[in-house]
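Peer 1: Below is the file structure_3.txt, with compact mmCIF, C-alpha atoms (C1' of nucleotides).
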# COMPACT_ATOMS: atom_id res chain seq x y z
CA MET A 271 118.46 74.68 100.08
CA PRO A 272 115.62 74.98 102.59
CA ARG A 273 112.28 73.36 102.26
CA ALA A 274 110.14 73.82 99.17
CA ALA A 275 107.71 76.72 99.04
CA THR A 276 104.27 76.07 100.48
CA THR A 277 102.68 78.00 97.70
CA SER A 278 103.94 75.71 94.99
CA ASP A 279 103.22 72.34 96.50
CA THR A 280 99.99 70.91 97.87
CA PHE A 281 101.90 68.58 100.17
CA ASN A 282 103.73 71.49 101.73
CA ALA A 283 100.47 73.35 102.13
CA ILE A 284 98.95 70.62 104.27
CA ALA A 285 102.16 70.12 106.22
CA GLU A 286 101.06 72.93 108.49
CA PRO A 287 98.71 71.59 111.21
CA ARG A 288 96.66 74.78 111.34
CA ARG A 289 95.95 74.56 107.67
CA ARG A 290 94.72 71.02 108.11
CA ASP A 291 92.50 72.29 110.91
CA ILE A 292 91.12 74.95 108.63
CA LEU A 293 90.46 72.43 105.87
CA ALA A 294 88.70 70.14 108.31
CA TYR A 295 86.59 73.02 109.56
CA LEU A 296 85.64 74.07 106.05
CA ALA A 297 84.92 70.57 104.81
CA PRO A 298 81.26 70.35 105.89
CA CYS A 299 80.27 73.77 104.54
CA GLU A 300 81.58 77.14 103.45
CA ARG A 301 82.39 79.69 106.16
CA PRO A 302 83.44 83.31 106.47
CA VAL A 303 86.93 84.05 107.77
CA GLY A 304 85.57 85.31 111.06
CA ASP A 305 84.02 81.96 111.83
CA ILE A 306 87.36 80.24 111.32
CA VAL A 307 89.04 82.73 113.61
CA LEU A 308 86.50 82.09 116.35
CA ALA A 309 86.30 78.33 115.87
CA LEU A 310 90.03 77.68 115.84
CA GLY A 311 91.08 80.47 118.18
CA LEU A 312 93.70 81.85 115.83
CA ALA A 313 94.61 85.44 115.04
CA GLN A 314 92.77 86.88 112.08
CA PRO A 315 95.89 87.77 110.04
CA SER A 316 97.19 84.28 110.63
CA VAL A 317 94.01 82.73 109.29
CA SER A 318 94.05 85.03 106.27
CA LYS A 319 97.60 84.02 105.50
CA HIS A 320 96.85 80.33 105.80
CA LEU A 321 93.83 80.73 103.58
CA ARG A 322 96.04 82.49 101.07
CA VAL A 323 98.34 79.48 100.90
CA LEU A 324 95.45 77.04 100.67
CA ARG A 325 93.98 79.10 97.89
CA ASP A 326 97.25 79.33 95.95
CA VAL A 327 97.52 75.56 95.77
CA GLY A 328 93.84 75.16 94.94
CA LEU A 329 92.73 73.52 98.16
CA VAL A 330 90.04 76.11 98.81
CA ASP A 331 87.85 78.44 96.81
CA LEU A 332 86.27 81.68 97.90
CA ARG A 333 83.27 83.81 97.16
CA ARG A 334 82.44 87.29 98.34
CA ASP A 335 79.19 87.91 100.15
CA GLY A 336 78.84 91.53 101.16
CA ARG A 337 81.54 92.35 103.65
CA GLN A 338 82.34 88.74 104.25
CA ILE A 339 84.38 86.35 102.17
CA LEU A 340 83.19 82.78 102.27
CA TYR A 341 85.70 79.97 101.89
CA ARG A 342 85.06 76.38 100.97
CA THR A 343 87.20 73.33 100.28
CA ASN A 344 87.88 72.40 96.70
CA ALA A 345 87.44 68.72 95.98
CA ASP A 346 89.72 68.77 92.98
CA GLY A 347 92.54 70.22 95.03
CA ILE A 348 92.46 67.49 97.63
CA ARG A 349 92.00 64.62 95.24
CA PRO A 350 95.70 64.39 94.25
CA LEU A 351 96.66 63.87 97.86
CA HIS A 352 94.20 61.07 98.22
CA ALA A 353 95.36 59.56 94.97
CA TRP A 354 98.95 59.66 96.11
CA ALA A 355 98.20 57.94 99.38
CA SER A 356 95.97 55.44 97.64
CA GLY A 357 98.80 54.50 95.33
CA PHE A 358 100.43 52.74 98.23
CA GLN A 359 97.41 50.73 99.15
CA ARG A 360 98.09 47.83 96.84
CA TYR A 361 101.51 47.53 98.44
CA TRP A 362 99.96 47.66 101.88
CA ARG A 363 97.71 44.81 100.89
CA ARG A 364 100.72 42.84 99.79
CA GLN A 365 102.47 43.58 103.07
CA LEU A 366 99.45 42.65 105.13
CA LEU A 367 99.12 39.48 103.13
CA ARG A 368 102.71 38.59 103.88
CA VAL A 369 102.17 39.16 107.57
CA LYS A 370 99.10 36.98 107.45
CA GLU A 371 100.91 34.19 105.64
CA ARG A 372 103.74 34.22 108.13
CA ALA A 373 101.27 34.01 110.96
CA GLU A 374 99.50 31.05 109.40
CA ARG A 375 102.74 29.23 108.70
CA ASN A 376 103.65 29.22 112.38
CA MET B 79 107.52 80.33 114.66
CA PRO B 80 108.70 78.51 111.54
CA ARG B 81 107.24 75.34 110.18
CA ALA B 82 106.81 72.26 112.34
CA ALA B 83 109.66 69.78 112.56
CA THR B 84 109.73 67.09 109.92
CA THR B 85 110.71 64.53 112.48
CA SER B 86 107.57 64.96 114.52
CA ASP B 87 104.97 65.11 111.80
CA THR B 88 104.24 62.64 109.03
CA PHE B 89 102.72 65.36 106.90
CA ASN B 90 105.89 67.39 107.08
CA ALA B 91 107.95 64.34 106.26
CA ILE B 92 106.15 63.82 102.95
CA ALA B 93 106.17 67.51 102.17
CA GLU B 94 109.65 67.06 100.71
CA PRO B 95 109.40 65.85 97.09
CA ARG B 96 112.55 63.77 97.31
CA ARG B 97 111.17 61.87 100.26
CA ARG B 98 108.04 61.09 98.29
CA ASP B 99 110.28 59.86 95.49
CA ILE B 100 112.09 57.61 97.91
CA LEU B 101 108.83 56.25 99.29
CA ALA B 102 107.56 55.55 95.78
CA TYR B 103 110.79 53.80 94.91
CA LEU B 104 110.66 51.66 98.04
CA ALA B 105 106.99 50.81 97.74
CA PRO B 106 107.33 47.75 95.49
CA CYS B 107 110.14 46.12 97.47
CA GLU B 108 112.89 46.76 99.97
CA ARG B 109 116.15 48.26 98.72
CA PRO B 110 119.62 49.11 99.99
CA VAL B 111 120.56 52.78 100.26
CA GLY B 112 122.93 52.51 97.31
CA ASP B 113 120.08 51.53 95.00
CA ILE B 114 118.14 54.61 96.00
CA VAL B 115 121.17 56.79 95.38
CA LEU B 116 121.58 55.36 91.89
CA ALA B 117 117.91 55.28 91.01
CA LEU B 118 117.11 58.82 92.08
CA GLY B 119 120.46 60.40 91.29
CA LEU B 120 120.85 61.99 94.71
CA ALA B 121 123.92 62.34 96.88
CA GLN B 122 124.38 59.51 99.36
CA PRO B 123 124.38 61.70 102.50
CA SER B 124 121.23 63.36 101.26
CA VAL B 125 119.48 60.01 100.87
CA SER B 126 120.63 58.89 104.30
CA LYS B 127 119.26 62.05 105.85
CA HIS B 128 115.92 61.70 104.11
CA LEU B 129 115.71 58.08 105.18
CA ARG B 130 116.41 59.19 108.72
CA VAL B 131 113.43 61.51 108.65
CA LEU B 132 111.19 58.89 107.09
CA ARG B 133 112.27 56.43 109.71
CA ASP B 134 111.68 58.83 112.60
CA VAL B 135 108.06 59.29 111.61
CA GLY B 136 107.59 55.59 110.98
CA LEU B 137 107.17 55.73 107.22
CA VAL B 138 109.95 53.25 106.58
CA ASP B 139 111.59 50.35 108.37
CA LEU B 140 115.07 49.02 107.94
CA ARG B 141 116.97 45.78 108.29
CA ARG B 142 120.69 45.17 108.15
CA ASP B 143 122.04 42.67 105.67
CA GLY B 144 125.80 42.44 105.86
CA ARG B 145 127.26 45.73 104.85
CA GLN B 146 124.03 46.96 103.38
CA ILE B 147 121.00 48.34 105.09
CA LEU B 148 117.73 47.49 103.42
CA TYR B 149 114.84 49.93 103.69
CA ARG B 150 111.18 49.26 103.09
CA THR B 151 107.97 51.26 103.40
CA ASN B 152 105.87 50.78 106.49
CA ALA B 153 102.18 50.38 105.74
CA ASP B 154 101.14 51.51 109.21
CA GLY B 155 103.04 54.74 108.81
CA ILE B 156 101.32 55.72 105.59
CA ARG B 157 97.85 54.68 106.63
CA PRO B 158 97.14 57.85 108.67
CA LEU B 159 97.79 60.00 105.63
CA HIS B 160 95.40 57.98 103.58
CA ALA B 161 92.84 58.08 106.36
CA TRP B 162 93.13 61.85 106.57
CA ALA B 163 92.63 62.32 102.84
CA SER B 164 89.80 59.80 102.82
CA GLY B 165 88.00 61.78 105.46
CA PHE B 166 87.24 64.39 102.84
CA GLN B 167 85.83 61.96 100.36
CA ARG B 168 82.28 62.07 101.62
CA TYR B 169 82.39 65.84 101.24
CA TRP B 170 83.78 65.50 97.75
CA ARG B 171 80.89 63.22 96.90
CA ARG B 172 78.49 65.82 98.21
CA GLN B 173 80.21 68.51 96.15
CA LEU B 174 80.21 66.40 93.04
CA LEU B 175 76.56 65.63 93.59
CA ARG B 176 75.80 69.34 93.80
CA VAL B 177 77.63 70.00 90.56
CA LYS B 178 75.72 67.20 88.89
CA GLU B 179 72.38 68.50 90.15
CA ARG B 180 73.11 71.98 88.90
CA ALA B 181 74.04 70.58 85.53
CA GLU B 182 70.82 68.61 85.27
CA ARG B 183 68.69 71.56 86.33
CA ASN B 184 69.93 73.62 83.39
C1' DT C 273 81.53 111.18 103.26
C1' DT C 274 82.37 109.21 107.61
C1' DG C 275 82.62 105.52 110.47
C1' DA C 276 82.43 100.72 111.44
C1' DC C 277 83.06 96.14 110.05
C1' DA C 278 85.56 92.17 107.59
C1' DT C 279 89.51 90.64 105.58
C1' DA C 280 94.11 91.07 103.43
C1' DT C 281 98.82 92.52 103.24
C1' DT C 282 103.12 94.24 104.67
C1' DC C 283 107.28 94.27 107.78
C1' DC C 284 110.07 91.95 111.08
C1' DT C 285 112.23 87.98 113.47
C1' DG C 286 113.49 83.39 115.21
C1' DT C 287 113.69 78.90 113.60
C1' DA C 288 113.85 74.48 111.11
C1' DT C 289 115.46 73.04 107.55
C1' DA C 290 118.02 70.77 102.68
C1' DG C 291 122.14 70.39 100.38
C1' DG C 292 127.25 70.13 100.11
C1' DA C 293 131.63 68.80 102.03
C1' DA C 294 134.03 66.31 105.18
C1' DT C 295 134.13 62.88 108.44
C1' DA C 296 132.55 59.02 111.40
C1' DT C 297 130.66 54.40 112.11
C1' DG C 298 130.06 49.57 110.93
C1' DA C 299 130.81 45.33 108.48
C1' DT C 300 133.53 42.44 105.33
C1' DT C 301 137.56 40.45 103.29
C1' DC C 302 142.37 39.52 103.08
C1' DG D 259 144.79 44.46 111.83
C1' DA D 260 144.53 47.05 107.32
C1' DA D 261 142.09 48.28 103.46
C1' DT D 262 137.59 48.66 101.57
C1' DC D 263 132.84 48.96 100.97
C1' DA D 264 128.19 50.83 102.65
C1' DT D 265 125.91 54.00 105.23
C1' DA D 266 125.35 57.59 108.80
C1' DT D 267 126.43 61.84 111.01
C1' DT D 268 128.33 66.21 111.75
C1' DC D 269 129.23 71.19 110.45
C1' DC D 270 128.07 75.01 107.64
C1' DT D 271 125.08 78.16 105.01
C1' DA D 272 121.22 80.11 102.53
C1' DT D 273 116.37 80.15 102.62
C1' DA D 274 111.30 79.71 103.34
C1' DC D 275 108.33 80.51 106.56
C1' DA D 276 104.75 81.14 110.85
C1' DG D 277 103.47 84.34 114.12
C1' DG D 278 102.91 89.08 115.92
C1' DA D 279 102.12 93.94 115.23
C1' DA D 280 100.72 97.42 112.43
C1' DT D 281 98.52 98.82 108.45
C1' DA D 282 96.00 98.60 104.05
C1' DT D 283 91.94 97.37 101.28
C1' DG D 284 87.21 96.79 100.52
C1' DT D 285 82.21 96.96 101.80
C1' DC D 286 78.27 98.47 104.01
C1' DA D 287 75.28 101.78 106.84
C1' DA D 288 73.96 106.33 108.34
In structure tokens, how does this file's structure come out?

Peer 2:
Amino acid sequence: MPRAATTSDTFNAIAEPRRRDILAYLAPCERPVGDIVLALGLAQPSVSKHLRVLRDVGLVDLRRDGRQILYRTNADGIRPLHAWASGFQRYWRRQLLRVKERAERN
Amino acid sequence: MPRAATTSDTFNAIAEPRRRDILAYLAPCERPVGDIVLALGLAQPSVSKHLRVLRDVGLVDLRRDGRQILYRTNADGIRPLHAWASGFQRYWRRQLLRVKERAERN
DNA sequence: TTGACATATTCCTGTATAGGAATATGATTC
DNA sequence: GAATCATATTCCTATACAGGAATATGTCAA
């Protein structure tokens, strides 16, 4: 079996560096596709396809405005990722504590 | 071009659900490979290969103990992921604030 | 309606897998 | 050293996919 489908898994969606770039670019405020194309220097179809994936997993929302389509990040979509990473924090603390203790013992 | 290599990118490494399972299992304390195999019900070669990837991107460390090899999560390896996700938090707050304001206005 | 603009969707291809099976490496005990 | 236990590494195959090119869809203006 190959890798899991990007469309079904948020983690796979953000595995692609360009999609992370797009998310970062959209984070401050919503933008039309054309702006993303110019800002990141990617081909328009490529951007559209990445946006499609991000949309399928709920990482971005869109809204039509005349000829343009404005995209924006979706807080709820990103939250699970943050939650997952945060879940390890208490273990990090424990690890850091251990390191500290070892240092003090010597 | 296909997706980026799992070995070069932390995000790709955690894109695989089984690797996330392994990380979660290792988070509380270090474990030999055999324990992971039993706990997650995966084939031994499969686990070894996943551990290889996790190791290459610095998400886990290992230590030999006789015949066994004990693996443990590496806090420093996971921190960048958490940092990335956290970077969006201030925008989430802004979004949540907007939602709240709209609600109060109505 | 015709054209121009903005974005989305095929179609095609090379590539990096993930899993299974078989095998190799390494360490321990007798 | 031989047998055994624990883990790693090939080799093979099917598959999802990212990018490029071409095309389709949808919207506005004249």

Peer 1: Write out as a PDB file with C-alpha atoms (C1' of nucleotides), keeping the file's coordinate frame the residues lying within 12 Å of DC302 of chain C, counting all atoms listed in the file and excluding same-chain residues fewer than 4 positions away.

Peer 2:
ATOM      1  C1'  DG D 259     144.790  44.460 111.830  1.00  0.00           C
ATOM      2  C1'  DA D 260     144.530  47.050 107.320  1.00  0.00           C
ATOM      3  C1'  DA D 261     142.090  48.280 103.460  1.00  0.00           C
ATOM      4  C1'  DT D 262     137.590  48.660 101.570  1.00  0.00           C
TER       5       DT D 262
END

Peer 1: Skip Val125 of chain B itself and residues of its chain fewer than 4 positions away, then list as a CSV table (one decimal) with C-alpha atoms (C1' of nucleotides), keeping the file's coordinate frame all residues within 12 Å of it, counting all atoms listed in the file.

Peer 2:
chain,number,residue,atom,x,y,z
B,96,ARG,CA,112.6,63.8,97.3
B,97,ARG,CA,111.2,61.9,100.3
B,98,ARG,CA,108.0,61.1,98.3
B,99,ASP,CA,110.3,59.9,95.5
B,100,ILE,CA,112.1,57.6,97.9
B,101,LEU,CA,108.8,56.2,99.3
B,110,PRO,CA,119.6,49.1,100.0
B,111,VAL,CA,120.6,52.8,100.3
B,112,GLY,CA,122.9,52.5,97.3
B,113,ASP,CA,120.1,51.5,95.0
B,114,ILE,CA,118.1,54.6,96.0
B,115,VAL,CA,121.2,56.8,95.4
B,116,LEU,CA,121.6,55.4,91.9
B,117,ALA,CA,117.9,55.3,91.0
B,118,LEU,CA,117.1,58.8,92.1
B,119,GLY,CA,120.5,60.4,91.3
B,120,LEU,CA,120.8,62.0,94.7
B,121,ALA,CA,123.9,62.3,96.9
B,129,LEU,CA,115.7,58.1,105.2
B,130,ARG,CA,116.4,59.2,108.7
B,131,VAL,CA,113.4,61.5,108.6
B,132,LEU,CA,111.2,58.9,107.1
B,133,ARG,CA,112.3,56.4,109.7
B,149,TYR,CA,114.8,49.9,103.7
C,290,DA,C1',118.0,70.8,102.7
C,291,DG,C1',122.1,70.4,100.4
D,265,DT,C1',125.9,54.0,105.2
D,266,DA,C1',125.4,57.6,108.8

Peer 1: Residues near DG278 of chain D, anyone? I mean within 10 Å using all atoms listed in the file, not counting same-chain ones fewer than 2 positions away, as an mmCIF file with C-alpha atoms (C1' of nucleotides), keeping the file's coordinate frame.

Peer 2:
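Wrote part_3.cif, looks like this:
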data_model
loop_
_atom_site.group_PDB
_atom_site.id
_atom_site.type_symbol
_atom_site.label_atom_id
_atom_site.label_comp_id
_atom_site.auth_asym_id
_atom_site.auth_seq_id
_atom_site.Cartn_x
_atom_site.Cartn_y
_atom_site.Cartn_z
ATOM 1 C CA ALA A 313 94.610 85.440 115.040
ATOM 2 C CA PRO A 315 95.890 87.770 110.040
ATOM 3 C CA SER A 316 97.190 84.280 110.630
ATOM 4 C CA MET B 79 107.520 80.330 114.660
ATOM 5 C "C1'" DC C 284 110.070 91.950 111.080
ATOM 6 C "C1'" DT C 285 112.230 87.980 113.470
ATOM 7 C "C1'" DA D 276 104.750 81.140 110.850
ATOM 8 C "C1'" DA D 280 100.720 97.420 112.430
#

Peer 1: For Leu332 of chain A, list every protein, DNA or RNA residue within 7 Å, evaluated using all atoms listed in the file, and leave out those in the same chain fewer than 6 positions away; present the list as a PyMOL selection string.

Peer 2: chain A and resi 339-342

Peer 1: Just write the chosen residues, C-alpha atoms, as a PDB file, keeping the file's coordinate frame.

Peer 2:
ATOM      1  CA  ILE A 339      84.380  86.350 102.170  1.00  0.00           C
ATOM      2  CA  LEU A 340      83.190  82.780 102.270  1.00  0.00           C
ATOM      3  CA  TYR A 341      85.700  79.970 101.890  1.00  0.00           C
ATOM      4  CA  ARG A 342      85.060  76.380 100.970  1.00  0.00           C
TER       5      ARG A 342
END

Peer 1: What is the distance between atom CA of Ala105 of chain B and atom CA of Asn152 of chain B, in Å to one decimal?

Peer 2: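 Between atom CA of Ala105 of chain B and atom CA of Asn152 of chain B the gap works out to 8.8 Å.
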
Peer 1: Between D:DA264, D:DC275, D:DA287, D:DC269, which one has atoms that come closest to chain A, using all atoms listed in the file?

Peer 2: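 Checking each candidate against chain A, we get D:DC275 as the closest.
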
Peer 1: Please compute the atom CA of Gln167 of chain B-atom CA of Ala353 of chain A distance, one decimal, in Å.

Peer 2: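 Computed distance, atom CA of Gln167 of chain B to atom CA of Ala353 of chain A, equals 11.2 Å.
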
Peer 1: When you get a sec, could you note down which chain B residues fall within 10 Å of chain A, using only C-alpha atoms, as a ChimeraX atom specification?

Peer 2: /B:80-84,87-95,98,101-102,105-107,151-154,156-174

Peer 1: Would you mind exporting the chosen residues as an mmCIF file, in the frame of the given file, restricted to C-alpha atoms?

Peer 2:
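Here's the written file selection-v6.cif:
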data_model
loop_
_atom_site.group_PDB
_atom_site.id
_atom_site.type_symbol
_atom_site.label_atom_id
_atom_site.label_comp_id
_atom_site.auth_asym_id
_atom_site.auth_seq_id
_atom_site.Cartn_x
_atom_site.Cartn_y
_atom_site.Cartn_z
ATOM 1 C CA PRO B 80 108.700 78.510 111.540
ATOM 2 C CA ARG B 81 107.240 75.340 110.180
ATOM 3 C CA ALA B 82 106.810 72.260 112.340
ATOM 4 C CA ALA B 83 109.660 69.780 112.560
ATOM 5 C CA THR B 84 109.730 67.090 109.920
ATOM 6 C CA ASP B 87 104.970 65.110 111.800
ATOM 7 C CA THR B 88 104.240 62.640 109.030
ATOM 8 C CA PHE B 89 102.720 65.360 106.900
ATOM 9 C CA ASN B 90 105.890 67.390 107.080
ATOM 10 C CA ALA B 91 107.950 64.340 106.260
ATOM 11 C CA ILE B 92 106.150 63.820 102.950
ATOM 12 C CA ALA B 93 106.170 67.510 102.170
ATOM 13 C CA GLU B 94 109.650 67.060 100.710
ATOM 14 C CA PRO B 95 109.400 65.850 97.090
ATOM 15 C CA ARG B 98 108.040 61.090 98.290
ATOM 16 C CA LEU B 101 108.830 56.250 99.290
ATOM 17 C CA ALA B 102 107.560 55.550 95.780
ATOM 18 C CA ALA B 105 106.990 50.810 97.740
ATOM 19 C CA PRO B 106 107.330 47.750 95.490
ATOM 20 C CA CYS B 107 110.140 46.120 97.470
ATOM 21 C CA THR B 151 107.970 51.260 103.400
ATOM 22 C CA ASN B 152 105.870 50.780 106.490
ATOM 23 C CA ALA B 153 102.180 50.380 105.740
ATOM 24 C CA ASP B 154 101.140 51.510 109.210
ATOM 25 C CA ILE B 156 101.320 55.720 105.590
ATOM 26 C CA ARG B 157 97.850 54.680 106.630
ATOM 27 C CA PRO B 158 97.140 57.850 108.670
ATOM 28 C CA LEU B 159 97.790 60.000 105.630
ATOM 29 C CA HIS B 160 95.400 57.980 103.580
ATOM 30 C CA ALA B 161 92.840 58.080 106.360
ATOM 31 C CA TRP B 162 93.130 61.850 106.570
ATOM 32 C CA ALA B 163 92.630 62.320 102.840
ATOM 33 C CA SER B 164 89.800 59.800 102.820
ATOM 34 C CA GLY B 165 88.000 61.780 105.460
ATOM 35 C CA PHE B 166 87.240 64.390 102.840
ATOM 36 C CA GLN B 167 85.830 61.960 100.360
ATOM 37 C CA ARG B 168 82.280 62.070 101.620
ATOM 38 C CA TYR B 169 82.390 65.840 101.240
ATOM 39 C CA TRP B 170 83.780 65.500 97.750
ATOM 40 C CA ARG B 171 80.890 63.220 96.900
ATOM 41 C CA ARG B 172 78.490 65.820 98.210
ATOM 42 C CA GLN B 173 80.210 68.510 96.150
ATOM 43 C CA LEU B 174 80.210 66.400 93.040
#
